[in-house]
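S.K.: Input data-v1.tsv, format and content: TSV, C-alpha atoms.
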chain	number	residue	atom	x	y	z
A	1	MET	CA	22.79	-22.15	1.47
A	2	CYS	CA	21.31	-25.62	1.96
A	3	GLU	CA	17.58	-25.32	2.54
A	4	THR	CA	17.31	-28.57	4.48
A	5	CYS	CA	19.61	-28.03	7.41
A	6	GLY	CA	20.91	-24.49	6.92
A	7	CYS	CA	24.50	-25.56	6.40
A	8	ALA	CA	26.53	-23.62	3.94
A	9	VAL	CA	26.65	-26.28	1.28
A	10	THR	CA	25.45	-29.74	0.39
A	11	ALA	CA	27.90	-32.50	-0.31
A	12	ALA	CA	26.24	-33.30	-3.60
A	13	THR	CA	26.68	-29.86	-5.14
A	14	VAL	CA	30.41	-29.40	-4.80
A	15	SER	CA	31.85	-32.74	-3.81
A	16	SER	CA	35.35	-32.85	-5.27
A	17	ALA	CA	34.47	-29.93	-7.48
A	18	ASP	CA	37.54	-29.34	-9.56
A	19	GLN	CA	37.83	-25.67	-10.34
A	20	ALA	CA	40.10	-25.04	-13.26
A	21	VAL	CA	41.50	-21.57	-12.90
A	22	LEU	CA	44.34	-19.91	-14.66
A	23	ARG	CA	45.23	-16.90	-12.61
A	24	HIS	CA	48.49	-15.26	-11.75
A	25	LEU	CA	49.30	-15.84	-8.10
A	26	LEU	CA	50.23	-12.23	-7.55
A	27	GLU	CA	47.26	-10.72	-9.39
A	28	ASP	CA	46.19	-8.91	-6.23
A	29	ASN	CA	49.59	-7.22	-6.04
A	30	ASP	CA	49.67	-6.62	-9.78
A	31	HIS	CA	46.23	-5.03	-9.68
A	32	MET	CA	47.42	-2.60	-7.01
A	33	ALA	CA	50.62	-1.97	-8.97
A	34	GLY	CA	48.48	-1.04	-11.97
A	35	HIS	CA	46.54	1.37	-9.79
A	36	ASN	CA	49.78	2.94	-8.53
A	37	ARG	CA	50.97	3.29	-12.13
A	38	GLU	CA	47.78	5.18	-13.01
A	39	HIS	CA	48.42	7.58	-10.12
A	40	PHE	CA	51.96	8.18	-11.37
A	41	ALA	CA	50.85	8.64	-14.98
A	42	GLU	CA	48.19	11.20	-13.98
A	43	HIS	CA	50.90	13.30	-12.40
A	44	GLY	CA	53.60	12.64	-15.00
A	45	VAL	CA	55.91	11.37	-12.28
A	46	LEU	CA	58.76	9.02	-13.23
A	47	VAL	CA	58.99	6.18	-10.72
A	48	VAL	CA	62.23	4.25	-10.39
A	49	ASN	CA	62.53	1.11	-8.27
A	50	LEU	CA	66.09	0.74	-6.93
A	51	MET	CA	67.12	-2.77	-6.00
A	52	SER	CA	70.36	-4.38	-4.88
A	53	ALA	CA	71.98	-6.45	-2.18
A	54	PRO	CA	72.24	-4.68	1.20
A	55	GLY	CA	75.16	-2.26	1.20
A	56	SER	CA	75.56	-1.79	-2.55
A	57	GLY	CA	75.10	1.96	-2.19
A	58	LYS	CA	71.44	2.64	-3.00
A	59	THR	CA	71.06	5.42	-0.43
A	60	SER	CA	74.41	6.98	-1.34
A	61	LEU	CA	73.40	6.95	-4.99
A	62	LEU	CA	70.16	8.72	-4.10
A	63	GLU	CA	71.99	11.34	-2.07
A	64	ALA	CA	74.37	12.08	-4.93
A	65	THR	CA	71.50	12.10	-7.43
A	66	ILE	CA	69.38	14.48	-5.37
A	67	ASP	CA	72.29	16.91	-5.02
A	68	SER	CA	73.16	16.70	-8.73
A	69	LEU	CA	69.60	17.27	-9.92
A	70	LYS	CA	68.70	19.98	-7.42
A	71	GLY	CA	66.80	22.75	-9.18
A	72	GLU	CA	66.21	20.56	-12.23
A	73	PHE	CA	63.82	17.93	-10.87
A	74	ARG	CA	61.61	17.75	-7.81
A	75	ILE	CA	62.49	14.43	-6.22
A	76	GLY	CA	60.75	12.29	-3.60
A	77	VAL	CA	61.84	9.01	-2.07
A	78	ILE	CA	60.10	6.00	-0.57
A	79	GLU	CA	62.52	4.08	1.60
A	80	GLY	CA	62.05	0.39	2.36
A	81	ASP	CA	63.91	-1.18	5.25
A	82	LEU	CA	63.23	-3.89	7.76
A	83	GLU	CA	63.75	-1.45	10.62
A	84	THR	CA	64.71	2.20	11.41
A	85	GLU	CA	64.08	5.57	9.78
A	86	ASN	CA	67.81	6.04	9.20
A	87	ASP	CA	67.71	6.11	5.41
A	88	ALA	CA	64.71	8.46	5.28
A	89	LEU	CA	66.53	10.81	7.64
A	90	ARG	CA	69.59	10.74	5.38
A	91	ILE	CA	67.42	11.58	2.37
A	92	ARG	CA	65.47	14.33	4.14
A	93	SER	CA	68.73	16.01	5.14
A	94	HIS	CA	69.16	16.71	1.40
A	95	GLY	CA	65.93	18.71	1.42
A	96	VAL	CA	63.57	16.26	-0.30
A	97	PRO	CA	60.52	14.46	1.09
A	98	ALA	CA	61.06	10.83	2.10
A	99	VAL	CA	58.56	8.30	3.41
A	100	GLN	CA	60.02	5.38	5.33
A	101	ILE	CA	58.32	1.99	5.08
A	102	THR	CA	59.54	-0.37	7.77
A	103	THR	CA	58.62	-3.87	6.71
A	104	GLY	CA	59.41	-5.63	10.00
A	105	SER	CA	60.67	-8.98	8.84
A	106	ALA	CA	59.23	-8.78	5.32
A	107	CYS	CA	61.97	-9.13	2.75
A	108	HIS	CA	60.48	-6.94	0.00
A	109	LEU	CA	58.12	-4.08	-0.70
A	110	ASP	CA	54.79	-4.81	-2.35
A	111	ALA	CA	52.39	-2.62	-4.28
A	112	HIS	CA	50.07	-2.15	-1.29
A	113	MET	CA	52.87	-0.81	0.92
A	114	VAL	CA	53.92	1.58	-1.84
A	115	HIS	CA	50.33	2.70	-2.36
A	116	GLU	CA	50.05	3.69	1.30
A	117	ALA	CA	53.36	5.51	1.18
A	118	VAL	CA	52.41	7.36	-2.01
A	119	HIS	CA	49.43	8.87	-0.22
A	120	GLU	CA	51.82	10.49	2.23
A	121	LEU	CA	53.43	12.34	-0.66
A	122	ASP	CA	52.03	15.06	-2.87
A	123	LEU	CA	52.61	13.76	-6.39
A	124	ASP	CA	51.81	17.23	-7.78
A	125	ASP	CA	55.07	18.37	-6.22
A	126	LEU	CA	57.23	15.63	-7.73
A	127	ASP	CA	58.94	14.89	-11.04
A	128	ILE	CA	60.83	11.76	-10.01
A	129	LEU	CA	59.93	9.32	-7.26
A	130	PHE	CA	62.56	6.80	-6.22
A	131	ILE	CA	61.55	3.66	-4.39
A	132	GLU	CA	64.53	2.27	-2.53
A	133	ASN	CA	63.56	-1.37	-2.10
A	134	VAL	CA	64.65	-3.58	0.77
A	135	GLY	CA	68.29	-4.63	0.28
A	136	ASN	CA	67.80	-8.13	-1.09
A	137	LEU	CA	68.68	-9.70	-4.43
A	138	VAL	CA	65.96	-12.35	-4.30
A	139	CYS	CA	62.48	-11.37	-3.19
A	140	PRO	CA	61.85	-7.80	-4.43
A	141	ALA	CA	62.11	-8.94	-8.06
A	142	ALA	CA	58.82	-10.82	-7.87
A	143	PHE	CA	56.69	-7.84	-6.84
A	144	ASP	CA	55.59	-5.15	-9.28
A	145	LEU	CA	55.19	-1.86	-7.43
A	146	GLY	CA	53.86	0.22	-10.31
A	147	GLN	CA	57.29	1.63	-11.17
A	148	HIS	CA	58.31	2.65	-14.68
A	149	ARG	CA	61.83	1.28	-14.50
A	150	ASN	CA	63.89	-1.10	-12.38
A	151	VAL	CA	67.47	-0.14	-11.63
A	152	VAL	CA	69.73	-2.76	-10.09
A	153	LEU	CA	73.01	-1.84	-8.41
A	154	LEU	CA	75.99	-4.16	-8.42
A	155	SER	CA	78.92	-2.88	-6.39
A	156	VAL	CA	82.46	-3.82	-7.37
A	157	THR	CA	82.92	-5.50	-3.98
A	158	GLU	CA	80.22	-8.08	-4.75
A	159	GLY	CA	81.70	-10.12	-7.56
A	160	ASP	CA	81.11	-9.88	-11.29
A	161	ASP	CA	79.18	-13.17	-11.48
A	162	LYS	CA	76.20	-11.86	-9.46
A	163	PRO	CA	73.88	-11.72	-12.50
A	164	VAL	CA	74.13	-15.48	-13.14
A	165	LYS	CA	73.81	-16.19	-9.40
A	166	TYR	CA	70.65	-14.06	-9.08
A	167	PRO	CA	69.10	-14.30	-12.55
A	168	VAL	CA	65.54	-13.43	-11.46
A	169	MET	CA	66.66	-10.07	-10.09
A	170	PHE	CA	69.01	-9.11	-12.89
A	171	ARG	CA	66.54	-10.19	-15.58
A	172	ALA	CA	64.16	-7.58	-14.14
A	173	ALA	CA	66.72	-4.78	-14.56
A	174	ASP	CA	66.13	-2.00	-17.08
A	175	LEU	CA	69.46	-0.48	-16.10
A	176	VAL	CA	72.40	-1.91	-14.18
A	177	LEU	CA	74.70	0.41	-12.27
A	178	ILE	CA	78.11	-0.87	-11.24
A	179	SER	CA	78.60	1.11	-8.06
A	180	LYS	CA	81.55	1.97	-5.80
A	181	SER	CA	83.87	2.29	-8.80
A	182	ASP	CA	86.23	4.30	-6.54
A	183	LEU	CA	87.01	0.98	-4.82
A	184	ALA	CA	87.77	-0.81	-8.10
A	185	PRO	CA	91.55	-0.24	-7.85
A	186	TYR	CA	91.54	-2.25	-4.62
A	187	ILE	CA	89.36	-5.07	-5.95
A	188	ASP	CA	91.39	-6.96	-8.50
A	189	ASP	CA	88.87	-9.70	-9.23
A	190	PHE	CA	85.94	-7.57	-10.44
A	191	ASP	CA	85.87	-7.31	-14.19
A	192	ARG	CA	83.26	-5.08	-15.80
A	193	GLY	CA	83.39	-7.08	-19.03
A	194	ARG	CA	82.65	-10.30	-17.16
A	195	ALA	CA	79.73	-8.64	-15.33
A	196	GLU	CA	78.28	-7.52	-18.64
A	197	HIS	CA	78.84	-10.95	-20.17
A	198	ALA	CA	77.00	-12.52	-17.21
A	199	LEU	CA	74.08	-10.15	-17.82
A	200	ARG	CA	73.83	-11.07	-21.51
A	201	ARG	CA	73.97	-14.75	-20.61
A	202	ILE	CA	70.66	-14.31	-18.80
A	203	ALA	CA	69.32	-12.42	-21.84
A	204	CYS	CA	69.28	-9.08	-20.03
A	205	ALA	CA	69.69	-6.20	-22.48
A	206	ALA	CA	69.96	-3.48	-19.80
A	207	PRO	CA	72.62	-0.84	-20.37
A	208	VAL	CA	75.45	-0.88	-17.83
A	209	PHE	CA	76.94	2.28	-16.33
A	210	THR	CA	79.84	2.38	-13.89
A	211	LEU	CA	79.90	5.13	-11.26
A	212	SER	CA	80.91	6.18	-7.79
A	213	ALA	CA	78.21	7.93	-5.79
A	214	ARG	CA	80.57	8.64	-2.90
A	215	ARG	CA	83.11	10.42	-5.12
A	216	CYS	CA	80.42	11.73	-7.52
A	217	THR	CA	82.36	10.42	-10.49
A	218	ALA	CA	80.86	9.27	-13.80
A	219	LEU	CA	77.33	10.20	-12.72
A	220	ASP	CA	76.44	11.81	-16.06
A	221	PRO	CA	75.25	8.73	-18.00
A	222	TRP	CA	72.96	7.89	-15.07
A	223	LEU	CA	71.64	11.44	-14.80
A	224	ASP	CA	71.08	11.62	-18.56
A	225	TRP	CA	69.22	8.30	-18.42
A	226	LEU	CA	66.96	9.76	-15.71
A	227	ARG	CA	66.37	12.87	-17.82
A	228	ALA	CA	65.34	10.72	-20.80
A	229	MET	CA	63.06	8.51	-18.69
A	230	SER	CA	61.47	11.53	-17.03
A	231	ALA	CA	60.72	13.07	-20.43
A	232	GLU	CA	58.98	9.81	-21.40
A	233	ALA	CA	56.94	9.76	-18.19
A	234	ARG	CA	55.74	13.33	-18.74
A	235	VAL	CA	54.13	12.50	-22.07
A	236	PRO	CA	50.41	12.03	-21.40
A	237	ALA	CA	49.36	8.44	-22.03
B	238	MET	CA	60.77	-25.93	26.89
B	239	LYS	CA	61.45	-25.70	23.20
B	240	CYS	CA	63.30	-22.57	22.27
B	241	SER	CA	61.52	-20.84	19.41
B	242	ARG	CA	64.83	-19.60	18.07
B	243	MET	CA	65.88	-23.17	17.45
B	244	THR	CA	63.14	-23.74	14.93
B	245	CYS	CA	63.50	-22.49	11.40
B	246	PRO	CA	61.71	-19.20	10.77
B	247	PRO	CA	58.99	-19.46	8.15
B	248	PRO	CA	60.27	-18.28	4.78
B	249	MET	CA	58.84	-14.76	4.55
B	250	HIS	CA	58.81	-14.36	0.82
B	251	GLU	CA	57.08	-17.68	0.23
B	252	LEU	CA	54.64	-16.90	3.05
B	253	SER	CA	53.47	-13.81	1.23
B	254	ILE	CA	53.08	-15.85	-1.97
B	255	CYS	CA	51.02	-18.36	0.05
B	256	ARG	CA	48.84	-15.56	1.34
B	257	ALA	CA	48.30	-14.36	-2.22
B	258	VAL	CA	47.28	-17.89	-3.24
B	259	LEU	CA	44.97	-18.07	-0.24
B	260	ARG	CA	43.23	-14.83	-1.20
B	261	LEU	CA	42.47	-16.33	-4.61
B	262	VAL	CA	41.29	-19.72	-3.38
B	263	GLU	CA	39.28	-18.20	-0.52
B	264	ASP	CA	37.30	-16.23	-3.09
B	265	ILE	CA	36.66	-19.37	-5.12
B	266	ALA	CA	35.71	-21.38	-2.03
B	267	ARG	CA	33.36	-18.64	-0.87
B	268	THR	CA	31.62	-18.53	-4.24
B	269	HIS	CA	30.95	-22.24	-3.96
B	270	ALA	CA	30.42	-22.15	-0.17
B	271	ALA	CA	32.94	-24.94	0.12
B	272	ILE	CA	36.27	-25.72	1.69
B	273	VAL	CA	39.49	-26.29	-0.18
B	274	ARG	CA	40.93	-29.77	-0.44
B	275	LYS	CA	43.68	-29.35	-2.95
B	276	VAL	CA	45.39	-26.45	-4.69
B	277	GLU	CA	47.54	-26.84	-7.75
B	278	VAL	CA	50.00	-24.18	-8.83
B	279	ARG	CA	52.66	-23.92	-11.49
B	280	VAL	CA	55.91	-22.33	-10.37
B	281	GLY	CA	58.66	-21.67	-12.88
B	282	PRO	CA	62.29	-21.67	-11.76
B	283	LEU	CA	62.60	-18.03	-12.88
B	284	SER	CA	59.53	-16.84	-10.94
B	285	GLY	CA	61.61	-15.99	-7.90
B	286	VAL	CA	59.69	-18.48	-5.79
B	287	GLU	CA	61.33	-21.58	-4.37
B	288	PRO	CA	58.91	-24.56	-4.56
B	289	LYS	CA	60.35	-26.33	-1.51
B	290	LEU	CA	59.94	-23.24	0.64
B	291	LEU	CA	56.48	-22.65	-0.76
B	292	ALA	CA	55.51	-26.19	0.23
B	293	ARG	CA	56.85	-25.59	3.72
B	294	ALA	CA	55.06	-22.29	4.13
B	295	TRP	CA	51.70	-23.56	2.87
B	296	PRO	CA	50.43	-25.37	5.99
B	297	ILE	CA	51.47	-22.40	8.13
B	298	ALA	CA	49.69	-19.87	5.93
B	299	ALA	CA	46.63	-22.06	5.36
B	300	ALA	CA	46.04	-22.90	9.02
B	301	GLY	CA	42.69	-21.61	10.20
B	302	THR	CA	41.50	-20.70	6.68
B	303	VAL	CA	39.10	-22.52	4.34
B	304	ALA	CA	42.22	-24.22	2.97
B	305	ASP	CA	43.26	-25.59	6.37
B	306	ALA	CA	44.96	-28.99	5.93
B	307	SER	CA	44.64	-28.75	2.16
B	308	GLU	CA	47.24	-30.20	-0.15
B	309	LEU	CA	49.39	-27.87	-2.23
B	310	ARG	CA	50.60	-29.45	-5.45
B	311	ILE	CA	53.39	-27.61	-7.15
B	312	GLU	CA	53.99	-28.25	-10.81
B	313	ALA	CA	57.39	-27.28	-12.16
B	314	ALA	CA	57.84	-25.50	-15.49
B	315	ASP	CA	60.63	-25.91	-18.01
B	316	VAL	CA	62.79	-22.99	-19.00
B	317	VAL	CA	62.37	-22.37	-22.74
B	318	VAL	CA	63.59	-19.38	-24.76
B	319	ARG	CA	62.75	-18.15	-28.25
B	320	CYS	CA	65.54	-16.50	-30.19
B	321	ARG	CA	64.90	-13.09	-31.74
B	322	GLN	CA	67.65	-13.69	-34.29
B	323	CYS	CA	66.98	-17.20	-35.61
B	324	GLY	CA	63.47	-17.78	-34.25
B	325	ALA	CA	64.28	-21.16	-32.68
B	326	SER	CA	62.66	-22.22	-29.41
B	327	THR	CA	65.17	-24.12	-27.30
B	328	PRO	CA	65.43	-25.43	-23.74
B	329	ALA	CA	67.55	-23.24	-21.47
B	330	SER	CA	68.50	-23.05	-17.81
B	331	VAL	CA	67.87	-20.37	-15.18
B	332	ASN	CA	71.27	-18.75	-15.57
B	333	ASP	CA	71.89	-19.52	-19.21
B	334	LEU	CA	69.19	-18.11	-21.45
B	335	ILE	CA	71.26	-18.05	-24.61
B	336	CYS	CA	69.71	-19.51	-27.78
B	337	GLY	CA	70.50	-23.21	-27.96
B	338	ALA	CA	70.45	-23.11	-31.76
B	339	CYS	CA	72.56	-20.09	-32.76
B	340	GLY	CA	74.09	-18.95	-29.45
B	341	ASP	CA	72.68	-15.40	-29.59
B	342	TRP	CA	71.65	-13.81	-26.27
B	343	HIS	CA	68.72	-11.82	-27.66
B	344	THR	CA	66.08	-14.25	-26.50
B	345	ASP	CA	62.63	-14.02	-24.94
B	346	LEU	CA	61.42	-16.34	-22.27
B	347	VAL	CA	58.64	-18.62	-23.53
B	348	SER	CA	58.32	-20.57	-20.30
B	349	GLY	CA	60.01	-20.59	-16.92
B	350	ASP	CA	58.75	-17.61	-14.93
B	351	GLU	CA	55.18	-18.85	-14.36
B	352	LEU	CA	53.47	-18.23	-11.08
B	353	MET	CA	50.01	-19.54	-11.80
B	354	LEU	CA	47.07	-20.98	-9.96
B	355	LEU	CA	45.88	-23.94	-12.05
B	356	HIS	CA	43.26	-25.89	-10.12
B	357	VAL	CA	41.36	-25.76	-6.90
B	358	GLU	CA	39.66	-28.87	-5.62
B	359	LEU	CA	36.76	-28.09	-3.36
B	360	ALA	CA	34.88	-30.18	-0.87
B	361	ALA	CA	31.72	-29.72	1.08
B	362	HIS	CA	31.87	-28.31	4.56
B	363	VAL	CA	32.35	-31.01	7.21
B	364	ALA	CA	28.95	-30.14	8.67
B	365	ALA	CA	27.29	-31.14	5.41
B	366	ASN	CA	29.02	-34.49	5.35
B	367	VAL	CA	27.81	-35.49	8.76
B	368	GLU	CA	24.26	-36.25	7.70
Translate the structure described by the file into structure tokens.
M.R.:
Amino acid sequence: MCETCGCAVTAATVSSADQAVLRHLLEDNDHMAGHNREHFAEHGVLVVNLMSAPGSGKTSLLEATIDSLKGEFRIGVIEGDLETENDALRIRSHGVPAVQITTGSACHLDAHMVHEAVHELDLDDLDILFIENVGNLVCPAAFDLGQHRNVVLLSVTEGDDKPVKYPVMFRAADLVLISKSDLAPYIDDFDRGRAEHALRRIACAAPVFTLSARRCTALDPWLDWLRAMSAEARVPA
Amino acid sequence: MKCSRMTCPPPMHELSICRAVLRLVEDIARTHAAIVRKVEVRVGPLSGVEPKLLARAWPIAAAGTVADASELRIEAADVVVRCRQCGASTPASVNDLICGACGDWHTDLVSGDELMLLHVELAAHVAANVE
């Protein structure tokens, strides 16, 4: 405070002050994500962030997963959508808790939104928490939520070159699921080999599983992956 | 009357990045009891943030804050990978991160996904300049 006139600052002290800073732009989000991660670690809960374009089958995958793992894991879901509780209602009808985050016009979830949602759940009652991110192949990739693993869905109806079109998203993937494989016979231009090649071109080492949630076919590699990740998350840090 | 639907909506994703930048620079400005004249950031092409949209969102996000009417300078970053197989560091592109020396895909990004605040240029409050 300037003692002469009471103004907040004098021109001489900070005129053109050049503040060199080297800080990550999203450090506020990342700090909260770290806090979320501590919560999850305390409770040994595996947290999986599901991302994809709208309509790739994230909710259907969750429904099939919940039914397949019933009795084995206690599952909870955080649903992110621009509007409606529809997806949370679908999930709750399978007998597991679901918290809906409606983002309005926001195109992604961030760590603060997830933090609020987590406090509506009892982590003591959960083994696996899925976060179904807003359907969007661009924005969600930039925001750490505190998850352990990112899973990106690529449905056979979308085109096998998606990874090179959306490199930021697919580079973030720890696992890629090619979904809607039951439709593959009708889609003659989707080639799994090309999709995998596109992933490697962007230096993504994620394993690739192909499945159909709707027909519940070839779910086992995915379920086994979840079992392995859950075992890792249970080990005290 | 101008129909609001005719104007482009502000880019939401870049707006939230702007707000994150603002939180950082507001802290710095408050510490120095100053206003913000210029903000310099480095945005890599693999950061998920589009520099042009960020530039467009900045005046909207900064309006009414200590960074009102400030300049946002966006520095680009080159995409560079280091190969785990041969150890070479080579330039790459956003959707081709294969080693430029040996062609292996087991590479790590050395540069290209930066989202950093580099500099903040502060100025005295207008009131202090009036004297």
S.K.: Find the spatial neighbours of Pro288 in chain B, counting all atoms listed in the file, within a cut-off of 9 Å - ignore same-chain residues fewer than 3 positions away - and output them as an mmCIF file with C-alpha atoms, in the frame of the given file.
M.R.:
data_model
loop_
_atom_site.group_PDB
_atom_site.id
_atom_site.type_symbol
_atom_site.label_atom_id
_atom_site.label_comp_id
_atom_site.auth_asym_id
_atom_site.auth_seq_id
_atom_site.Cartn_x
_atom_site.Cartn_y
_atom_site.Cartn_z
ATOM 1 C CA GLU B 251 57.080 -17.680 0.230
ATOM 2 C CA VAL B 280 55.910 -22.330 -10.370
ATOM 3 C CA GLY B 281 58.660 -21.670 -12.880
ATOM 4 C CA PRO B 282 62.290 -21.670 -11.760
ATOM 5 C CA LEU B 291 56.480 -22.650 -0.760
ATOM 6 C CA ALA B 292 55.510 -26.190 0.230
ATOM 7 C CA ARG B 293 56.850 -25.590 3.720
ATOM 8 C CA ILE B 311 53.390 -27.610 -7.150
ATOM 9 C CA GLU B 312 53.990 -28.250 -10.810
ATOM 10 C CA ALA B 313 57.390 -27.280 -12.160
#
S.K.: For the atom pair CA of Lys58 in chain A and CA of Met229 in chain A, what is the interatomic distance in Å to one decimal place?
M.R.: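 CA of Met229 in chain A lies at a distance of 18.7 Å from CA of Lys58 in chain A.
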S.K.: Quick one, how far is CA of Leu223 in chain A from CA of Leu69 in chain A?
M.R.: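 Interatomic distance, CA of Leu223 in chain A to CA of Leu69 in chain A: 7.9 Å.
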S.K.: CA of Ile128 in chain A and CA of Thr102 in chain A are how many Å apart?
M.R.: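 Computing the Euclidean distance for CA of Ile128 in chain A and CA of Thr102 in chain A yields 21.6 Å.
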S.K.: Using only C-alpha atoms, determine which residues of chain B fall within 7 Å of chain A; present them as a ChimeraX atom specification.
M.R.: /B:249-250,257-258,270-271,283-285,331-335,342-344,352-362,364-366
